[in-house]
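K.L.:
So here's protein.pdb, just PDB, C-alpha atoms, pLDDT in the B column:
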ATOM      1  CA  MET A   1     183.682 162.785 202.538  1.00 42.00           C
ATOM      2  CA  GLY A   2     183.821 162.053 198.822  1.00 46.00           C
ATOM      3  CA  MET A   3     184.560 158.660 197.348  1.00 54.00           C
ATOM      4  CA  GLY A   4     187.981 159.773 196.103  1.00 72.00           C
ATOM      5  CA  SER A   5     189.131 161.035 199.490  1.00 78.00           C
ATOM      6  CA  GLY A   6     187.684 157.933 201.149  1.00 83.00           C
ATOM      7  CA  PHE A   7     189.747 155.727 198.864  1.00 91.00           C
ATOM      8  CA  ILE A   8     192.924 157.691 199.569  1.00 91.00           C
ATOM      9  CA  GLU A   9     192.304 157.638 203.317  1.00 88.00           C
ATOM     10  CA  GLY A  10     191.675 153.888 203.297  1.00 89.00           C
ATOM     11  CA  PHE A  11     194.742 153.276 201.135  1.00 94.00           C
ATOM     12  CA  LEU A  12     197.096 155.366 203.275  1.00 92.00           C
ATOM     13  CA  LYS A  13     195.817 153.978 206.576  1.00 89.00           C
ATOM     14  CA  SER A  14     196.107 150.392 205.380  1.00 92.00           C
ATOM     15  CA  TRP A  15     199.531 151.015 203.847  1.00 94.00           C
ATOM     16  CA  GLY A  16     200.769 152.664 207.035  1.00 89.00           C
ATOM     17  CA  VAL A  17     199.400 149.918 209.291  1.00 88.00           C
ATOM     18  CA  ILE A  18     201.138 147.228 207.241  1.00 92.00           C
ATOM     19  CA  LEU A  19     204.475 149.067 207.241  1.00 88.00           C
ATOM     20  CA  ALA A  20     204.208 149.621 210.989  1.00 84.00           C
ATOM     21  CA  SER A  21     203.246 146.002 211.673  1.00 83.00           C
ATOM     22  CA  GLU A  22     205.205 143.926 209.192  1.00 84.00           C
ATOM     23  CA  ILE A  23     208.739 145.364 209.270  1.00 81.00           C
ATOM     24  CA  GLY A  24     210.566 143.114 211.693  1.00 74.00           C
ATOM     25  CA  ASP A  25     207.559 140.800 211.998  1.00 80.00           C
ATOM     26  CA  LYS A  26     207.625 137.012 211.628  1.00 82.00           C
ATOM     27  CA  THR A  27     206.540 137.048 207.982  1.00 87.00           C
ATOM     28  CA  PHE A  28     209.318 139.546 207.210  1.00 86.00           C
ATOM     29  CA  PHE A  29     211.979 137.243 208.639  1.00 85.00           C
ATOM     30  CA  ILE A  30     210.512 134.176 206.945  1.00 87.00           C
ATOM     31  CA  ALA A  31     210.890 135.863 203.551  1.00 89.00           C
ATOM     32  CA  ALA A  32     214.393 137.113 204.403  1.00 87.00           C
ATOM     33  CA  ILE A  33     215.696 133.681 205.441  1.00 85.00           C
ATOM     34  CA  LEU A  34     214.013 131.725 202.642  1.00 88.00           C
ATOM     35  CA  ALA A  35     215.409 134.185 200.089  1.00 87.00           C
ATOM     36  CA  MET A  36     218.928 133.278 201.225  1.00 84.00           C
ATOM     37  CA  ARG A  37     218.338 129.609 200.404  1.00 82.00           C
ATOM     38  CA  HIS A  38     216.162 129.767 197.313  1.00 85.00           C
ATOM     39  CA  SER A  39     215.223 131.927 194.336  1.00 88.00           C
ATOM     40  CA  ARG A  40     214.266 135.412 195.501  1.00 90.00           C
ATOM     41  CA  ARG A  41     211.570 135.707 192.855  1.00 93.00           C
ATOM     42  CA  VAL A  42     209.932 132.427 193.841  1.00 93.00           C
ATOM     43  CA  VAL A  43     210.042 133.270 197.570  1.00 93.00           C
ATOM     44  CA  PHE A  44     208.597 136.722 196.901  1.00 95.00           C
ATOM     45  CA  ALA A  45     205.827 135.263 194.726  1.00 95.00           C
ATOM     46  CA  GLY A  46     204.858 132.649 197.326  1.00 94.00           C
ATOM     47  CA  ALA A  47     204.917 135.072 200.254  1.00 95.00           C
ATOM     48  CA  MET A  48     203.017 137.775 198.381  1.00 96.00           C
ATOM     49  CA  LEU A  49     200.372 135.333 197.198  1.00 95.00           C
ATOM     50  CA  ALA A  50     199.737 134.338 200.824  1.00 94.00           C
ATOM     51  CA  LEU A  51     199.687 137.940 202.039  1.00 95.00           C
ATOM     52  CA  ALA A  52     197.384 139.067 199.222  1.00 95.00           C
ATOM     53  CA  VAL A  53     194.955 136.221 200.017  1.00 95.00           C
ATOM     54  CA  MET A  54     195.038 137.100 203.717  1.00 93.00           C
ATOM     55  CA  THR A  55     194.453 140.788 202.938  1.00 95.00           C
ATOM     56  CA  VAL A  56     191.421 140.019 200.768  1.00 95.00           C
ATOM     57  CA  LEU A  57     189.995 137.658 203.411  1.00 93.00           C
ATOM     58  CA  ALA A  58     190.486 140.280 206.141  1.00 92.00           C
ATOM     59  CA  VAL A  59     188.862 142.991 204.015  1.00 94.00           C
ATOM     60  CA  LEU A  60     185.890 140.742 203.235  1.00 93.00           C
ATOM     61  CA  LEU A  61     185.388 140.100 206.954  1.00 90.00           C
ATOM     62  CA  GLY A  62     185.629 143.812 207.702  1.00 88.00           C
ATOM     63  CA  TRP A  63     183.270 144.677 204.843  1.00 89.00           C
ATOM     64  CA  ALA A  64     180.679 142.167 206.083  1.00 86.00           C
ATOM     65  CA  ALA A  65     180.897 143.313 209.712  1.00 78.00           C
ATOM     66  CA  PRO A  66     178.737 146.480 209.333  1.00 73.00           C
ATOM     67  CA  ASN A  67     176.018 144.325 207.741  1.00 75.00           C
ATOM     68  CA  LEU A  68     175.954 142.091 210.811  1.00 77.00           C
ATOM     69  CA  ILE A  69     176.706 144.663 213.503  1.00 76.00           C
ATOM     70  CA  SER A  70     175.817 148.337 213.780  1.00 75.00           C
ATOM     71  CA  LYS A  71     178.189 150.589 211.810  1.00 73.00           C
ATOM     72  CA  LYS A  72     178.645 152.643 214.970  1.00 79.00           C
ATOM     73  CA  TRP A  73     179.876 149.604 216.916  1.00 80.00           C
ATOM     74  CA  THR A  74     182.200 148.432 214.145  1.00 76.00           C
ATOM     75  CA  HIS A  75     183.687 151.917 213.820  1.00 76.00           C
ATOM     76  CA  TYR A  76     184.390 152.323 217.521  1.00 82.00           C
ATOM     77  CA  GLY A  77     185.505 148.701 217.750  1.00 82.00           C
ATOM     78  CA  ALA A  78     188.118 149.399 215.070  1.00 79.00           C
ATOM     79  CA  THR A  79     189.103 152.600 216.894  1.00 84.00           C
ATOM     80  CA  ALA A  80     189.569 150.658 220.124  1.00 88.00           C
ATOM     81  CA  LEU A  81     191.776 148.137 218.296  1.00 83.00           C
ATOM     82  CA  PHE A  82     194.037 150.941 217.065  1.00 83.00           C
ATOM     83  CA  PHE A  83     194.453 152.298 220.584  1.00 90.00           C
ATOM     84  CA  PHE A  84     195.004 148.800 221.996  1.00 89.00           C
ATOM     85  CA  PHE A  85     197.663 147.839 219.444  1.00 85.00           C
ATOM     86  CA  GLY A  86     199.338 151.231 219.751  1.00 85.00           C
ATOM     87  CA  ALA A  87     199.472 151.067 223.538  1.00 91.00           C
ATOM     88  CA  ARG A  88     200.686 147.458 223.444  1.00 87.00           C
ATOM     89  CA  MET A  89     203.518 148.221 221.008  1.00 85.00           C
ATOM     90  CA  LEU A  90     204.633 151.251 223.019  1.00 88.00           C
ATOM     91  CA  TYR A  91     204.487 149.216 226.220  1.00 87.00           C
ATOM     92  CA  ASP A  92     206.669 146.522 224.646  1.00 82.00           C
ATOM     93  CA  ALA A  93     209.133 149.176 223.492  1.00 82.00           C
ATOM     94  CA  VAL A  94     209.307 150.954 226.864  1.00 85.00           C
ATOM     95  CA  THR A  95     209.680 147.718 228.857  1.00 82.00           C
ATOM     96  CA  ASN A  96     212.141 146.389 226.259  1.00 72.00           C
ATOM     97  CA  ALA A  97     210.070 143.264 225.734  1.00 58.00           C
ATOM     98  CA  HIS A  98     212.210 142.467 222.675  1.00 55.00           C
ATOM     99  CA  ALA A  99     215.346 142.052 224.807  1.00 56.00           C
ATOM    100  CA  GLY A 100     214.962 138.265 224.908  1.00 52.00           C
ATOM    101  CA  GLU A 101     214.793 135.987 221.896  1.00 54.00           C
ATOM    102  CA  SER A 102     214.022 138.068 218.816  1.00 60.00           C
ATOM    103  CA  GLU A 103     211.564 137.224 216.053  1.00 61.00           C
ATOM    104  CA  LEU A 104     214.555 136.499 213.805  1.00 63.00           C
ATOM    105  CA  ASP A 105     215.910 133.911 216.265  1.00 64.00           C
ATOM    106  CA  GLU A 106     212.493 132.267 216.544  1.00 68.00           C
ATOM    107  CA  VAL A 107     212.078 132.018 212.773  1.00 71.00           C
ATOM    108  CA  GLU A 108     215.592 130.635 212.320  1.00 69.00           C
ATOM    109  CA  LYS A 109     214.858 127.906 214.865  1.00 70.00           C
ATOM    110  CA  GLU A 110     211.603 127.017 213.144  1.00 68.00           C
ATOM    111  CA  LEU A 111     213.333 126.774 209.776  1.00 67.00           C
ATOM    112  CA  GLN A 112     216.333 124.794 211.016  1.00 68.00           C
ATOM    113  CA  GLY A 113     214.729 121.571 209.911  1.00 56.00           C
ATOM    114  CA  SER A 114     214.332 122.896 206.377  1.00 54.00           C
ATOM    115  CA  PRO A 115     217.186 121.966 203.995  1.00 47.00           C
ATOM    116  CA  LYS A 116     219.458 124.839 203.074  1.00 46.00           C
ATOM    117  CA  SER A 117     220.112 123.741 199.523  1.00 42.00           C
ATOM    118  CA  PRO A 118     219.252 126.453 196.995  1.00 41.00           C
ATOM    119  CA  LYS A 119     217.557 123.854 194.823  1.00 42.00           C
ATOM    120  CA  GLU A 120     213.808 124.093 194.777  1.00 42.00           C
ATOM    121  CA  GLY A 121     213.385 120.421 195.572  1.00 44.00           C
ATOM    122  CA  GLY A 122     214.938 120.906 198.998  1.00 44.00           C
ATOM    123  CA  SER A 123     211.650 121.701 200.737  1.00 44.00           C
ATOM    124  CA  ASP A 124     209.802 118.532 199.740  1.00 46.00           C
ATOM    125  CA  VAL A 125     210.061 116.750 203.097  1.00 43.00           C
ATOM    126  CA  LYS A 126     208.803 119.700 205.128  1.00 45.00           C
ATOM    127  CA  LEU A 127     205.922 120.376 202.778  1.00 46.00           C
ATOM    128  CA  GLY A 128     204.927 116.725 202.840  1.00 47.00           C
ATOM    129  CA  ARG A 129     204.519 116.910 206.609  1.00 49.00           C
ATOM    130  CA  LEU A 130     202.286 119.991 206.487  1.00 50.00           C
ATOM    131  CA  HIS A 131     199.369 118.603 204.508  1.00 56.00           C
ATOM    132  CA  PRO A 132     198.705 115.748 202.032  1.00 61.00           C
ATOM    133  CA  LEU A 133     197.265 118.287 199.578  1.00 56.00           C
ATOM    134  CA  LEU A 134     200.622 120.057 199.435  1.00 56.00           C
ATOM    135  CA  SER A 135     202.330 116.804 198.534  1.00 59.00           C
ATOM    136  CA  ALA A 136     200.056 116.529 195.501  1.00 60.00           C
ATOM    137  CA  LEU A 137     200.556 120.172 194.552  1.00 60.00           C
ATOM    138  CA  ARG A 138     204.341 119.699 194.554  1.00 60.00           C
ATOM    139  CA  ARG A 139     204.040 117.916 191.242  1.00 65.00           C
ATOM    140  CA  PHE A 140     202.617 121.000 189.553  1.00 68.00           C
ATOM    141  CA  VAL A 141     203.874 123.961 191.624  1.00 73.00           C
ATOM    142  CA  SER A 142     207.361 124.895 192.814  1.00 81.00           C
ATOM    143  CA  PRO A 143     207.977 123.387 196.292  1.00 84.00           C
ATOM    144  CA  VAL A 144     209.724 126.598 197.333  1.00 86.00           C
ATOM    145  CA  LEU A 145     206.698 128.683 196.310  1.00 89.00           C
ATOM    146  CA  LEU A 146     204.473 126.343 198.323  1.00 87.00           C
ATOM    147  CA  GLU A 147     206.771 126.548 201.343  1.00 87.00           C
ATOM    148  CA  ALA A 148     206.891 130.359 201.211  1.00 90.00           C
ATOM    149  CA  PHE A 149     203.104 130.507 200.776  1.00 92.00           C
ATOM    150  CA  THR A 150     202.346 128.050 203.579  1.00 89.00           C
ATOM    151  CA  LEU A 151     204.771 129.449 206.158  1.00 88.00           C
ATOM    152  CA  THR A 152     203.684 133.030 205.454  1.00 90.00           C
ATOM    153  CA  PHE A 153     199.970 132.175 205.507  1.00 90.00           C
ATOM    154  CA  LEU A 154     200.224 130.364 208.847  1.00 87.00           C
ATOM    155  CA  ALA A 155     202.364 133.127 210.378  1.00 84.00           C
ATOM    156  CA  GLU A 156     199.968 135.850 209.228  1.00 83.00           C
ATOM    157  CA  TRP A 157     196.792 134.124 210.424  1.00 83.00           C
ATOM    158  CA  GLY A 158     195.444 136.045 213.415  1.00 77.00           C
ATOM    159  CA  ASP A 159     198.357 138.488 213.267  1.00 80.00           C
ATOM    160  CA  ARG A 160     198.029 142.090 214.447  1.00 81.00           C
ATOM    161  CA  SER A 161     198.077 143.441 210.881  1.00 84.00           C
ATOM    162  CA  GLN A 162     195.279 141.085 209.810  1.00 85.00           C
ATOM    163  CA  ILE A 163     193.037 142.136 212.695  1.00 85.00           C
ATOM    164  CA  ALA A 164     193.823 145.802 212.027  1.00 86.00           C
ATOM    165  CA  THR A 165     192.941 145.311 208.348  1.00 89.00           C
ATOM    166  CA  ILE A 166     189.559 143.861 209.346  1.00 88.00           C
ATOM    167  CA  GLY A 167     188.949 146.931 211.498  1.00 83.00           C
ATOM    168  CA  LEU A 168     189.996 149.306 208.721  1.00 86.00           C
ATOM    169  CA  ALA A 169     187.780 147.617 206.138  1.00 88.00           C
ATOM    170  CA  ALA A 170     184.806 147.932 208.498  1.00 82.00           C
ATOM    171  CA  ALA A 171     185.204 151.700 208.660  1.00 79.00           C
ATOM    172  CA  SER A 172     187.004 152.730 205.452  1.00 83.00           C
ATOM    173  CA  ASP A 173     186.872 152.314 201.675  1.00 89.00           C
ATOM    174  CA  VAL A 174     187.370 148.577 201.075  1.00 92.00           C
ATOM    175  CA  ILE A 175     189.149 148.985 197.723  1.00 95.00           C
ATOM    176  CA  GLY A 176     191.563 151.511 199.210  1.00 94.00           C
ATOM    177  CA  VAL A 177     192.214 149.270 202.217  1.00 94.00           C
ATOM    178  CA  THR A 178     192.804 146.238 199.968  1.00 96.00           C
ATOM    179  CA  LEU A 179     195.226 147.981 197.608  1.00 96.00           C
ATOM    180  CA  GLY A 180     196.998 149.802 200.434  1.00 95.00           C
ATOM    181  CA  GLY A 181     197.499 146.538 202.304  1.00 95.00           C
ATOM    182  CA  ILE A 182     198.821 144.675 199.269  1.00 96.00           C
ATOM    183  CA  VAL A 183     201.198 147.514 198.337  1.00 96.00           C
ATOM    184  CA  GLY A 184     202.436 147.699 201.930  1.00 94.00           C
ATOM    185  CA  HIS A 185     203.028 143.947 202.041  1.00 95.00           C
ATOM    186  CA  ALA A 186     204.821 144.078 198.684  1.00 96.00           C
ATOM    187  CA  MET A 187     207.182 146.775 199.954  1.00 94.00           C
ATOM    188  CA  CYS A 188     207.965 144.950 203.211  1.00 92.00           C
ATOM    189  CA  THR A 189     208.361 141.546 201.577  1.00 94.00           C
ATOM    190  CA  GLY A 190     210.426 143.024 198.754  1.00 93.00           C
ATOM    191  CA  ALA A 191     212.769 144.642 201.267  1.00 90.00           C
ATOM    192  CA  ALA A 192     213.056 141.358 203.178  1.00 89.00           C
ATOM    193  CA  VAL A 193     213.802 139.335 200.053  1.00 91.00           C
ATOM    194  CA  LEU A 194     216.346 141.825 198.697  1.00 88.00           C
ATOM    195  CA  GLY A 195     217.985 142.655 202.017  1.00 83.00           C
ATOM    196  CA  GLY A 196     218.012 139.104 203.350  1.00 67.00           C
ATOM    197  CA  LYS A 197     219.398 138.246 206.750  1.00 64.00           C
ATOM    198  CA  HIS A 198     221.831 141.198 206.680  1.00 69.00           C
ATOM    199  CA  LEU A 199     218.922 143.647 206.722  1.00 66.00           C
ATOM    200  CA  ALA A 200     216.980 141.508 209.200  1.00 62.00           C
ATOM    201  CA  GLU A 201     219.869 141.507 211.685  1.00 67.00           C
ATOM    202  CA  HIS A 202     220.103 145.319 211.621  1.00 70.00           C
ATOM    203  CA  ILE A 203     216.439 145.996 212.351  1.00 71.00           C
ATOM    204  CA  ASP A 204     215.954 147.542 215.763  1.00 73.00           C
ATOM    205  CA  GLU A 205     212.744 145.893 216.936  1.00 73.00           C
ATOM    206  CA  ARG A 206     212.387 148.395 219.777  1.00 79.00           C
ATOM    207  CA  MET A 207     212.459 151.406 217.447  1.00 81.00           C
ATOM    208  CA  VAL A 208     210.041 149.671 215.090  1.00 78.00           C
ATOM    209  CA  ALA A 209     207.702 149.167 218.073  1.00 81.00           C
ATOM    210  CA  TYR A 210     207.933 152.876 218.993  1.00 85.00           C
ATOM    211  CA  PHE A 211     207.136 153.917 215.418  1.00 84.00           C
ATOM    212  CA  GLY A 212     204.346 151.370 214.981  1.00 82.00           C
ATOM    213  CA  GLY A 213     202.772 152.175 218.328  1.00 85.00           C
ATOM    214  CA  ALA A 214     202.744 155.902 217.612  1.00 89.00           C
ATOM    215  CA  LEU A 215     201.232 155.322 214.175  1.00 85.00           C
ATOM    216  CA  PHE A 216     198.454 153.126 215.565  1.00 84.00           C
ATOM    217  CA  LEU A 217     197.622 155.776 218.184  1.00 89.00           C
ATOM    218  CA  ILE A 218     197.507 158.475 215.492  1.00 89.00           C
ATOM    219  CA  PHE A 219     195.115 156.399 213.402  1.00 82.00           C
ATOM    220  CA  GLY A 220     192.997 155.714 216.489  1.00 84.00           C
ATOM    221  CA  GLY A 221     192.849 159.418 217.308  1.00 87.00           C
ATOM    222  CA  HIS A 222     191.933 160.287 213.735  1.00 81.00           C
ATOM    223  CA  SER A 223     189.198 157.656 213.698  1.00 80.00           C
ATOM    224  CA  LEU A 224     187.822 158.983 216.978  1.00 83.00           C
ATOM    225  CA  TYR A 225     187.946 162.587 215.733  1.00 82.00           C
ATOM    226  CA  THR A 226     186.208 161.932 212.389  1.00 79.00           C
ATOM    227  CA  GLY A 227     183.453 159.841 213.952  1.00 77.00           C
ATOM    228  CA  VAL A 228     181.237 157.251 212.317  1.00 73.00           C
ATOM    229  CA  PRO A 229     181.337 157.556 208.486  1.00 67.00           C
ATOM    230  CA  GLU A 230     178.005 158.220 206.854  1.00 62.00           C
TER     231      GLU A 230
END
How would this structure read if it were set down as structure tokens?

P.N.:
Amino acid sequence: MGMGSGFIEGFLKSWGVILASEIGDKTFFIAAILAMRHSRRVVFAGAMLALAVMTVLAVLLGWAAPNLISKKWTHYGATALFFFFGARMLYDAVTNAHAGESELDEVEKELQGSPKSPKEGGSDVKLGRLHPLLSALRRFVSPVLLEAFTLTFLAEWGDRSQIATIGLAAASDVIGVTLGGIVGHAMCTGAAVLGGKHLAEHIDERMVAYFGGALFLIFGGHSLYTGVPE
């Protein structure tokens, strides 16, 4: 497989995984709700900065994995992750696991303590509780940008899309995976920021789970079919 096709494959897989994982996910709803209270541009910038950092970190971990573990094991480990996530999402959709409290409800509860004023200074108290370093950064960086960055970063840590990105980077072109992931995050976050709560309320989490599960299984099957890259 040539370098060009490897890049395209890595880009499309990463882009697809992010779209399948992030629409209707916690980070999506965080951006949607924050954008209703504050500047959309600032919320988008803070959320995207966090997601871009997380994508690069995940890719670096995936890139380093074949140097520490056999490429064969990393490839089939990533393949197993695709099948696991796909089966889990389809199981949740079939059993209607989303029938209880939705991700949107959970995020709204978590953000209830955050002031709803559209002014950027409204997040100072919450940021001050998170970490002393953030209190110092408030003097130089928009508090809203810091809030969007921090909430998104914490929500994304250990998330399904991050783990899938690590697996992709271990078996695919790292540049393609990085750019595909960032573009996918930008599309999802942009839709959340522009659509706001109205869009968030109309997302059918069960249908998203069906689509995401099927996509993960397709990627797993493709990875199994192509075998270990040379």

K.L.:
Under the rule that all atoms listed in the file are counted, which of A:Ala93, A:Val59, A:Leu19, A:Val208 is the nearest residue to Asp173 of chain A?

P.N.:
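Once distances to Asp173 of chain A are computed over all atoms listed in the file, the minimum belongs to A:Val59.
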
K.L.:
Evaluating the PyMOL selection byres ((chain A and resi 76) around 9) on the displayed file yields which residues, as an NGL selection string?

P.N.:
:A and (71-75 or 77-81 or 171 or 223-224 or 227-228)

K.L.:
With C-alpha atoms retained, export the selected residues as a PDB file, in the coordinates of the input.

P.N.:
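Output file result_13.pdb follows:
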ATOM      1  CA  LYS A  71     178.189 150.589 211.810  1.00 73.00           C
ATOM      2  CA  LYS A  72     178.645 152.643 214.970  1.00 79.00           C
ATOM      3  CA  TRP A  73     179.876 149.604 216.916  1.00 80.00           C
ATOM      4  CA  THR A  74     182.200 148.432 214.145  1.00 76.00           C
ATOM      5  CA  HIS A  75     183.687 151.917 213.820  1.00 76.00           C
ATOM      6  CA  GLY A  77     185.505 148.701 217.750  1.00 82.00           C
ATOM      7  CA  ALA A  78     188.118 149.399 215.070  1.00 79.00           C
ATOM      8  CA  THR A  79     189.103 152.600 216.894  1.00 84.00           C
ATOM      9  CA  ALA A  80     189.569 150.658 220.124  1.00 88.00           C
ATOM     10  CA  LEU A  81     191.776 148.137 218.296  1.00 83.00           C
ATOM     11  CA  ALA A 171     185.204 151.700 208.660  1.00 79.00           C
ATOM     12  CA  SER A 223     189.198 157.656 213.698  1.00 80.00           C
ATOM     13  CA  LEU A 224     187.822 158.983 216.978  1.00 83.00           C
ATOM     14  CA  GLY A 227     183.453 159.841 213.952  1.00 77.00           C
ATOM     15  CA  VAL A 228     181.237 157.251 212.317  1.00 73.00           C
TER      16      VAL A 228
END

K.L.:
So which one's closest to Phe84 of chain A, A:Leu12, A:Ile203, A:Ile163, A:Ala170? Using all atoms listed in the file, please.

P.N.:
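Of A:Leu12, A:Ile203, A:Ile163, A:Ala170, the one nearest Phe84 of chain A, counting all atoms listed in the file, is A:Ile163.
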
K.L.:
Measuring between all atoms listed in the file, which one of A:Ala191, A:Arg206, A:Ile175, A:Leu168 shows the shortest distance to Val17 of chain A?

P.N.:
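Between A:Ala191, A:Arg206, A:Ile175, A:Leu168, the residue approaching Val17 of chain A most closely is A:Leu168.
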
K.L.:
With distances taken over all atoms listed in the file, which of A:Leu68, A:Leu51, A:Ile23, A:Ile33 is nearest to Thr178 of chain A?

P.N.:
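Smallest separation from Thr178 of chain A among the options: A:Leu51.
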
K.L.:
Using the chain letters and numbering of this document, enumerate as a list in words the residues selected by the PyMOL selection byres ((chain A and resi 37-43) around 6).

P.N.:
Leu34, Ala35, Met36, Phe44, Ala45, Gly46, Lys116, Pro118, Leu145 and Ala148 of chain A

K.L.:
If I take atom CA of Gly181 of chain A and atom CA of Asp159 of chain A, how far is one from the other in Å, to one decimal?

P.N.:
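Atom CA of Gly181 of chain A sits 13.6 Å away from atom CA of Asp159 of chain A.
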
K.L.:
Name the residues that the PyMOL selection byres ((chain A and resi 186) around 12) picks from the file above, as a PyMOL selection string, using the file's chain letters and numbers.

P.N.:
chain A and resi 15+18-19+22-23+27-28+31+44-52+55+179-185+187-194

K.L.:
Restricted to C-alpha atoms, what would the selected residues look like written as a PDB file, in the coordinates of the input?

P.N.:
ATOM      1  CA  TRP A  15     199.531 151.015 203.847  1.00 94.00           C
ATOM      2  CA  ILE A  18     201.138 147.228 207.241  1.00 92.00           C
ATOM      3  CA  LEU A  19     204.475 149.067 207.241  1.00 88.00           C
ATOM      4  CA  GLU A  22     205.205 143.926 209.192  1.00 84.00           C
ATOM      5  CA  ILE A  23     208.739 145.364 209.270  1.00 81.00           C
ATOM      6  CA  THR A  27     206.540 137.048 207.982  1.00 87.00           C
ATOM      7  CA  PHE A  28     209.318 139.546 207.210  1.00 86.00           C
ATOM      8  CA  ALA A  31     210.890 135.863 203.551  1.00 89.00           C
ATOM      9  CA  PHE A  44     208.597 136.722 196.901  1.00 95.00           C
ATOM     10  CA  ALA A  45     205.827 135.263 194.726  1.00 95.00           C
ATOM     11  CA  GLY A  46     204.858 132.649 197.326  1.00 94.00           C
ATOM     12  CA  ALA A  47     204.917 135.072 200.254  1.00 95.00           C
ATOM     13  CA  MET A  48     203.017 137.775 198.381  1.00 96.00           C
ATOM     14  CA  LEU A  49     200.372 135.333 197.198  1.00 95.00           C
ATOM     15  CA  ALA A  50     199.737 134.338 200.824  1.00 94.00           C
ATOM     16  CA  LEU A  51     199.687 137.940 202.039  1.00 95.00           C
ATOM     17  CA  ALA A  52     197.384 139.067 199.222  1.00 95.00           C
ATOM     18  CA  THR A  55     194.453 140.788 202.938  1.00 95.00           C
ATOM     19  CA  LEU A 179     195.226 147.981 197.608  1.00 96.00           C
ATOM     20  CA  GLY A 180     196.998 149.802 200.434  1.00 95.00           C
ATOM     21  CA  GLY A 181     197.499 146.538 202.304  1.00 95.00           C
ATOM     22  CA  ILE A 182     198.821 144.675 199.269  1.00 96.00           C
ATOM     23  CA  VAL A 183     201.198 147.514 198.337  1.00 96.00           C
ATOM     24  CA  GLY A 184     202.436 147.699 201.930  1.00 94.00           C
ATOM     25  CA  HIS A 185     203.028 143.947 202.041  1.00 95.00           C
ATOM     26  CA  MET A 187     207.182 146.775 199.954  1.00 94.00           C
ATOM     27  CA  CYS A 188     207.965 144.950 203.211  1.00 92.00           C
ATOM     28  CA  THR A 189     208.361 141.546 201.577  1.00 94.00           C
ATOM     29  CA  GLY A 190     210.426 143.024 198.754  1.00 93.00           C
ATOM     30  CA  ALA A 191     212.769 144.642 201.267  1.00 90.00           C
ATOM     31  CA  ALA A 192     213.056 141.358 203.178  1.00 89.00           C
ATOM     32  CA  VAL A 193     213.802 139.335 200.053  1.00 91.00           C
ATOM     33  CA  LEU A 194     216.346 141.825 198.697  1.00 88.00           C
TER      34      LEU A 194
END

K.L.:
Kindly give the distance, in Å, that separates atom CA of Asn67 of chain A and atom CA of Phe11 of chain A, rounded to a single decimal.

P.N.:
21.8 Å

K.L.:
Pick from A:Leu215, A:Ala209, A:Gly176, A:His222: nearest to Asn96 of chain A, with only C-alpha atoms counted?

P.N.:
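Among A:Leu215, A:Ala209, A:Gly176, A:His222, it is A:Ala209 that comes nearest to Asn96 of chain A.
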
K.L.:
List as a PyMOL selection string the protein and nucleic acid residues near Gly86 of chain A, meaning an atom at most 7 Å away when only C-alpha atoms are counted, but skip any in the same chain fewer than 2 places from it.

P.N.:
chain A and resi 82-84+88-90+212-214+216-217

K.L.:
Have a look at atom CA of Ala169 of chain A and atom CA of Leu60 of chain A and let me know their distance in Å, one decimal.

P.N.:
7.7 Å

K.L.:
From the list A:Ala20, A:Val141, A:Ile166, A:Ala87, which residue is nearest Gly62 of chain A when using all atoms listed in the file?

P.N.:
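Looking at the shortest contact to Gly62 of chain A, the residue is A:Ile166.
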